[in-house]
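Pasting target-v6.txt here (compact mmCIF, C-alpha atoms):
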# COMPACT_ATOMS: atom_id res chain seq x y z
CA MET B 1 -17.20 19.13 -15.31
CA ASP B 2 -15.50 15.75 -14.86
CA PHE B 3 -12.89 16.71 -17.43
CA PHE B 4 -12.24 20.04 -15.71
CA GLN B 5 -11.76 18.41 -12.29
CA PHE B 6 -9.60 15.71 -13.84
CA TYR B 7 -7.22 18.10 -15.59
CA VAL B 8 -6.98 20.48 -12.63
CA LYS B 9 -6.23 17.76 -10.06
CA THR B 10 -3.92 15.72 -12.28
CA GLY B 11 -2.16 18.93 -13.36
CA ILE B 12 -1.47 19.91 -9.74
CA PHE B 13 -0.47 16.32 -8.96
CA LEU B 14 2.06 16.24 -11.83
CA ILE B 15 3.54 19.62 -10.90
CA VAL B 16 3.95 18.58 -7.25
CA THR B 17 5.41 15.22 -8.29
CA ILE B 18 7.96 16.76 -10.66
CA ILE B 19 9.06 19.47 -8.22
CA LEU B 20 9.25 17.30 -5.11
CA GLY B 21 10.49 14.29 -7.07
CA THR B 22 13.46 16.18 -8.48
CA PHE B 23 14.24 17.66 -5.06
CA TYR B 24 13.93 14.26 -3.36
CA PHE B 25 16.18 12.62 -5.93
CA PHE B 26 19.07 14.95 -5.15
CA ILE B 27 18.43 14.76 -1.40
CA LEU B 28 18.59 10.97 -1.50
CA LEU B 29 21.76 11.05 -3.59
CA ALA B 30 23.38 13.57 -1.25
CA PHE B 31 22.48 11.47 1.79
CA TYR B 32 22.90 8.14 0.03
CA ARG B 33 24.09 6.36 3.15
CA TRP B 34 20.87 7.21 5.00
CA ARG B 35 18.53 7.07 2.00
CA GLN B 36 16.48 4.13 3.25
CA SER B 37 15.81 5.91 6.55
CA ILE B 38 14.90 9.35 5.22
CA GLY B 39 13.24 8.18 1.97
CA PRO B 40 10.00 6.92 3.58
CA LYS B 41 9.66 10.17 5.55
CA LEU B 42 10.00 12.23 2.38
CA VAL B 43 7.39 10.11 0.59
CA GLN B 44 5.12 10.30 3.64
CA PHE B 45 5.07 14.11 3.30
CA TYR B 46 4.46 13.81 -0.46
CA SER B 47 1.59 11.35 0.15
CA LYS B 48 -0.12 13.75 2.56
CA ILE B 49 -0.04 16.43 -0.14
CA CYS B 50 -1.49 13.96 -2.68
CA LEU B 51 -4.36 13.17 -0.32
CA LEU B 52 -5.13 16.89 -0.17
CA ILE B 53 -5.02 17.17 -3.97
CA PHE B 54 -7.48 14.31 -4.45
CA ARG B 55 -9.60 15.48 -1.47
CA VAL B 56 -9.21 12.24 0.47
CA GLU B 57 -10.38 12.45 4.07
CA ILE B 58 -9.29 9.71 6.47
CA GLU B 59 -12.34 9.68 8.72
CA GLN B 60 -11.21 7.04 11.15
CA VAL B 61 -8.11 5.04 12.00
CA LYS B 62 -9.19 2.23 14.25
CA ASP B 63 -6.65 0.82 16.76
CA TYR B 64 -3.62 2.81 15.59
CA GLN B 65 -1.88 1.76 18.80
CA ALA B 66 -1.51 -1.71 17.31
CA PHE B 67 0.97 -0.17 14.88
CA GLU B 68 2.65 2.17 17.36
CA LYS B 69 3.59 -0.73 19.65
CA ASN B 70 6.07 -2.01 17.10
CA LYS B 71 6.71 0.29 14.14
CA LYS B 72 9.60 -1.79 12.87
CA GLY B 73 9.73 -5.45 12.02
CA MET B 74 6.24 -5.24 10.59
CA LEU B 75 4.72 -6.26 7.26
CA ILE B 76 1.38 -4.61 6.51
CA ILE B 77 -1.14 -6.83 4.72
CA SER B 78 -3.92 -4.76 3.14
CA ASN B 79 -6.77 -5.08 0.69
CA HIS B 80 -6.22 -3.15 -2.55
CA VAL B 81 -8.86 -0.81 -3.97
CA SER B 82 -7.24 2.10 -5.77
CA PHE B 83 -3.99 3.94 -6.49
CA LEU B 84 -5.05 6.12 -3.55
CA ASP B 85 -4.22 3.22 -1.20
CA ILE B 86 -0.51 3.91 -1.61
CA PHE B 87 -0.91 7.54 -0.49
CA VAL B 88 -3.15 6.56 2.45
CA LEU B 89 -0.81 3.87 3.80
CA SER B 90 2.32 5.93 3.21
CA ALA B 91 0.79 8.98 4.92
CA LEU B 92 -0.27 6.97 7.96
CA PHE B 93 2.63 4.56 8.38
CA GLY B 94 5.64 5.94 6.48
CA SER B 95 5.79 2.59 4.73
CA VAL B 96 7.79 1.16 1.85
CA PHE B 97 6.03 -0.95 -0.80
CA VAL B 98 6.60 -4.07 -2.80
CA SER B 99 6.07 -2.95 -6.39
CA LYS B 100 6.04 -4.39 -9.88
CA ALA B 101 9.41 -4.21 -11.65
CA GLU B 102 8.20 -1.76 -14.34
CA VAL B 103 7.92 1.05 -11.76
CA LYS B 104 11.72 1.06 -11.42
CA TYR B 105 11.96 2.55 -14.93
CA TYR B 106 9.40 5.33 -14.47
CA PRO B 107 11.02 8.79 -14.81
CA ILE B 108 11.94 10.32 -11.42
CA ILE B 109 9.48 8.15 -9.44
CA GLY B 110 11.31 4.95 -10.36
CA GLN B 111 14.71 6.33 -9.37
CA ILE B 112 13.37 7.61 -6.04
CA ALA B 113 11.68 4.27 -5.37
CA TRP B 114 14.97 2.47 -6.04
CA LEU B 115 16.99 4.84 -3.86
CA MET B 116 14.64 4.54 -0.88
CA GLY B 117 14.59 0.75 -1.04
CA VAL B 118 11.30 -0.21 -2.68
CA ILE B 119 11.32 -3.95 -3.39
CA PHE B 120 10.66 -4.71 -7.05
CA LEU B 121 8.99 -7.90 -8.23
CA ASN B 122 9.32 -9.24 -11.77
CA ARG B 123 6.16 -11.29 -12.12
CA ASN B 124 7.40 -13.02 -15.28
CA ALA B 125 10.51 -14.53 -13.66
CA SER B 126 9.93 -18.02 -12.24
CA ASN B 127 12.58 -17.73 -9.50
CA GLU B 128 11.71 -14.14 -8.54
CA ARG B 129 9.25 -14.82 -5.72
CA LEU B 130 11.76 -16.59 -3.47
CA ARG B 131 14.22 -13.71 -3.88
CA VAL B 132 11.51 -11.16 -3.03
CA LEU B 133 10.40 -13.14 0.03
CA SER B 134 13.99 -13.30 1.28
CA THR B 135 14.43 -9.56 0.68
CA ILE B 136 11.22 -8.75 2.53
CA ALA B 137 12.21 -11.01 5.43
CA ASN B 138 15.54 -9.19 5.76
CA LYS B 139 14.42 -5.60 5.22
CA CYS B 140 11.28 -5.86 7.33
CA SER B 141 13.42 -5.97 10.47
CA THR B 142 14.21 -2.27 10.20
CA ARG B 143 11.29 -0.83 8.22
CA THR B 144 7.55 -1.08 7.74
CA LEU B 145 6.72 -2.75 4.42
CA VAL B 146 3.36 -3.04 2.66
CA VAL B 147 2.09 -5.89 0.48
CA PHE B 148 -1.23 -6.17 -1.33
CA PRO B 149 -1.72 -9.97 -1.39
CA GLN B 150 -4.69 -9.74 -3.75
CA GLY B 151 -2.23 -8.71 -6.44
CA THR B 152 -4.67 -6.26 -8.05
CA THR B 153 -7.36 -3.73 -7.21
CA SER B 154 -10.98 -4.79 -6.80
CA ARG B 155 -14.40 -3.83 -5.44
CA ILE B 156 -15.81 -5.18 -2.20
CA THR B 157 -18.37 -7.26 -4.08
CA GLU B 158 -15.63 -9.10 -6.00
CA ARG B 159 -13.85 -10.38 -2.88
CA MET B 160 -10.55 -11.11 -4.60
CA PRO B 161 -8.72 -13.91 -2.71
CA PHE B 162 -5.30 -13.44 -1.12
CA LYS B 163 -2.28 -15.13 -2.65
CA ARG B 164 -0.64 -17.27 -0.02
CA GLY B 165 3.05 -16.93 -1.02
CA ILE B 166 3.72 -13.82 1.06
CA PHE B 167 2.65 -15.61 4.24
CA LYS B 168 5.82 -17.71 4.15
CA VAL B 169 7.87 -14.64 5.02
CA ILE B 170 7.56 -15.12 8.79
CA GLU B 171 8.99 -18.61 8.42
CA LEU B 172 12.09 -16.97 6.91
CA ASN B 173 12.27 -14.36 9.68
CA PRO B 174 10.29 -15.30 12.83
CA ASP B 175 11.09 -11.94 14.45
CA ILE B 176 8.76 -9.97 12.17
CA SER B 177 4.97 -9.81 12.38
CA LEU B 178 2.09 -9.29 9.98
CA LEU B 179 -0.29 -6.37 10.50
CA PRO B 180 -3.66 -6.89 8.73
CA ILE B 181 -5.28 -3.62 7.64
CA THR B 182 -8.70 -2.96 6.11
CA LEU B 183 -9.23 0.01 3.80
CA TYR B 184 -12.88 0.93 3.35
CA TYR B 185 -13.93 3.69 0.94
CA LYS B 186 -17.52 4.81 1.41
CA ASP B 187 -17.98 5.11 -2.35
CA ASP B 188 -16.23 1.82 -3.10
CA MET B 189 -18.14 1.15 -6.34
CA GLU B 190 -16.89 4.44 -7.81
CA ILE B 191 -13.42 4.51 -6.25
CA ALA B 192 -12.33 0.94 -6.96
CA TRP B 193 -10.32 0.40 -10.12
CA ASN B 194 -11.35 -2.83 -11.81
CA LYS B 195 -11.29 -4.25 -15.32
CA PRO B 196 -12.22 -3.39 -18.02
CA GLN B 197 -11.99 0.19 -16.74
CA SER B 198 -8.85 2.05 -17.85
CA PHE B 199 -6.65 3.92 -15.41
CA LYS B 200 -7.71 7.25 -16.96
CA GLU B 201 -11.40 6.36 -16.57
CA ASN B 202 -10.86 5.45 -12.94
CA ALA B 203 -8.81 8.59 -12.28
CA MET B 204 -11.56 10.73 -13.82
CA ARG B 205 -14.16 9.21 -11.51
CA ILE B 206 -11.94 9.82 -8.52
CA CYS B 207 -11.19 13.41 -9.55
CA ALA B 208 -14.92 14.08 -10.03
CA LYS B 209 -15.55 13.38 -6.32
CA LYS B 210 -15.78 16.52 -4.18
CA ARG B 211 -14.63 14.50 -1.19
CA ILE B 212 -13.47 10.91 -0.74
CA HIS B 213 -14.06 9.31 2.65
CA ILE B 214 -12.06 6.35 3.91
CA LYS B 215 -11.93 4.35 7.13
CA VAL B 216 -8.79 2.44 8.11
CA SER B 217 -9.01 -0.49 10.52
CA ILE B 218 -5.84 -1.94 12.05
CA HIS B 219 -6.23 -5.48 13.33
CA LYS B 220 -4.32 -7.63 15.79
CA SER B 221 -0.86 -8.50 14.50
CA VAL B 222 0.02 -12.05 13.46
CA THR B 223 3.29 -13.48 14.82
CA ILE B 224 5.17 -16.74 14.52
CA ASP B 225 3.17 -18.02 17.53
CA ASP B 226 0.01 -17.91 15.40
CA TYR B 227 1.69 -20.23 12.92
CA ARG B 228 1.98 -23.07 15.45
CA GLY B 229 0.00 -26.05 14.19
CA LYS B 230 -1.21 -24.20 11.09
CA THR B 231 -0.26 -24.41 7.42
CA THR B 232 0.57 -21.39 5.27
CA PRO B 233 -2.80 -21.65 3.41
CA GLN B 234 -4.61 -21.65 6.77
CA ILE B 235 -2.76 -18.50 7.88
CA CYS B 236 -3.58 -16.91 4.52
CA MET B 237 -7.29 -17.69 4.92
CA MET B 238 -7.25 -16.39 8.50
CA VAL B 239 -5.73 -13.03 7.53
CA GLU B 240 -7.95 -12.76 4.44
CA LYS B 241 -11.02 -13.21 6.63
CA THR B 242 -9.70 -10.63 9.12
CA VAL B 243 -9.18 -8.02 6.38
CA LEU B 244 -12.19 -8.63 4.12
CA GLU B 245 -15.06 -9.40 6.51
CA PRO B 246 -15.21 -5.84 7.95
CA LEU B 247 -15.53 -4.56 4.36
CA GLU B 248 -18.56 -6.72 3.73
CA ARG B 249 -20.19 -5.58 6.99
CA GLU B 250 -19.60 -1.92 6.17
CA TYR B 251 -20.96 -2.47 2.66
CA ARG B 252 -24.16 -4.14 3.91
CA GLU B 253 -24.72 -1.51 6.60
CA GLY B 254 -23.81 1.41 4.31

Render the structure in this file as structure tokens.
Amino acid sequence: MDFFQFYVKTGIFLIVTIILGTFYFFILLAFYRWRQSIGPKLVQFYSKICLLIFRVEIEQVKDYQAFEKNKKGMLIISNHVSFLDIFVLSALFGSVFVSKAEVKYYPIIGQIAWLMGVIFLNRNASNERLRVLSTIANKCSTRTLVVFPQGTTSRITERMPFKRGIFKVIELNPDISLLPITLYYKDDMEIAWNKPQSFKENAMRICAKKRIHIKVSIHKSVTIDDYRGKTTPQICMMVEKTVLEPLEREYREG
């Protein structure tokens, strides 16, 4: 049964991705000048379809008004659980992501990501992080960007720490703000992708679920004023606590 669900859902996902991806590629080329404005909206529509394919139900979005107050000039800081996170955040916020450099060379998806302005990070280059921070600081003024500071997916019980480098971005551009977001999947132990599990094994477990329930909590934004008298590691710890503590409460109560 798991195999059947896996092949049906991934088959539909691949067909949708190829059809829409090819269409999007030519749209973005045709409207190249406006590609970074229309690209996130196209991917937002695609992400909503993907959530339907994988039967993901967003049960609750807590304090969405915190995002609506200032849709631009915002960097979303979220915990990272699954590949589904990208569809959830894109569907809700029309966001652009910071991605590993390899994605740029994926067929169709990589070209679309490049056209719409996804920021690529080469983790093996020693001088890459400063360039990425500068790019985020500049591009965040006009778009909503997403970063997963844990750097990898994990379960609630693992409590992967946040990497503090990204929290220097406000010092480069004081006009932007950080928006901490908590993603809580009710079946976290099954949904979360963690080692040594392969991507296929994780995808099969996700496809086997008849319905996936998620709650999204949007917290108070962090601005340059919150940096007064604090070090970057202190800001990192503050945001990490804001994002991860609600997960632990939900896990204990669930």

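The nearest approach to B:Ile112 among the residues B:Thr232, B:Asn202, B:Gln36, B:Asn127, with all atoms listed in the file taken into account, belongs to B:Gln36.
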
Determine the nearest neighbour of B:Thr182 from the options B:Val222, B:Ala91, B:Leu244, B:Thr152, counting only C-alpha atoms. B:Leu244

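Among B:Val98, B:Ile224, B:Leu130, B:Val146, the residue with the shortest atom-to-atom distance to B:Val118, counting all atoms listed in the file, is B:Val98.
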
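Across the structure, atom CA of B:Ala203 and atom CA of B:Tyr106 are spaced 18.6 Å apart.
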
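Within the 8 Å cut-off around B:Phe93, using only C-alpha atoms and omitting residues fewer than 4 positions from it on the same chain, the listed residues are B:Gln44, B:Leu89, B:Thr144.
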
Distance of atom CA of B:Met160 from atom CA of B:Gly117, expressed in Å to one decimal place: 28.0 Å

Write out as an NGL selection string which residues come within 10 Å of stretch 168-171 of chain B when counting all atoms listed in the file, dropping same-chain ones fewer than 5 positions away. :B and (75 or 130 or 132-138 or 140 or 176-178 or 222-224 or 227 or 231-233 or 235-236)

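Across the model, the gap from atom CA of B:Gln65 to atom CA of B:Ile166 is 24.3 Å.
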
Please provide as an mmCIF file with C-alpha atoms, keeping the file's coordinate frame all residues within 12 Å of B:Val216, with the sequence filter that same-chain residues fewer than 5 positions apart are discarded (counting only C-alpha atoms).
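Result file part18.cif:
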data_model
loop_
_atom_site.group_PDB
_atom_site.id
_atom_site.type_symbol
_atom_site.label_atom_id
_atom_site.label_comp_id
_atom_site.auth_asym_id
_atom_site.auth_seq_id
_atom_site.Cartn_x
_atom_site.Cartn_y
_atom_site.Cartn_z
ATOM 1 C CA GLU B 57 -10.380 12.450 4.070
ATOM 2 C CA ILE B 58 -9.290 9.710 6.470
ATOM 3 C CA GLU B 59 -12.340 9.680 8.720
ATOM 4 C CA GLN B 60 -11.210 7.040 11.150
ATOM 5 C CA VAL B 61 -8.110 5.040 12.000
ATOM 6 C CA LYS B 62 -9.190 2.230 14.250
ATOM 7 C CA ASP B 63 -6.650 0.820 16.760
ATOM 8 C CA TYR B 64 -3.620 2.810 15.590
ATOM 9 C CA SER B 78 -3.920 -4.760 3.140
ATOM 10 C CA ASN B 79 -6.770 -5.080 0.690
ATOM 11 C CA ASP B 85 -4.220 3.220 -1.200
ATOM 12 C CA VAL B 88 -3.150 6.560 2.450
ATOM 13 C CA LEU B 89 -0.810 3.870 3.800
ATOM 14 C CA LEU B 92 -0.270 6.970 7.960
ATOM 15 C CA PHE B 93 2.630 4.560 8.380
ATOM 16 C CA PRO B 180 -3.660 -6.890 8.730
ATOM 17 C CA ILE B 181 -5.280 -3.620 7.640
ATOM 18 C CA THR B 182 -8.700 -2.960 6.110
ATOM 19 C CA LEU B 183 -9.230 0.010 3.800
ATOM 20 C CA TYR B 184 -12.880 0.930 3.350
ATOM 21 C CA TYR B 185 -13.930 3.690 0.940
ATOM 22 C CA LYS B 186 -17.520 4.810 1.410
ATOM 23 C CA VAL B 243 -9.180 -8.020 6.380
ATOM 24 C CA PRO B 246 -15.210 -5.840 7.950
ATOM 25 C CA LEU B 247 -15.530 -4.560 4.360
ATOM 26 C CA GLU B 250 -19.600 -1.920 6.170
#
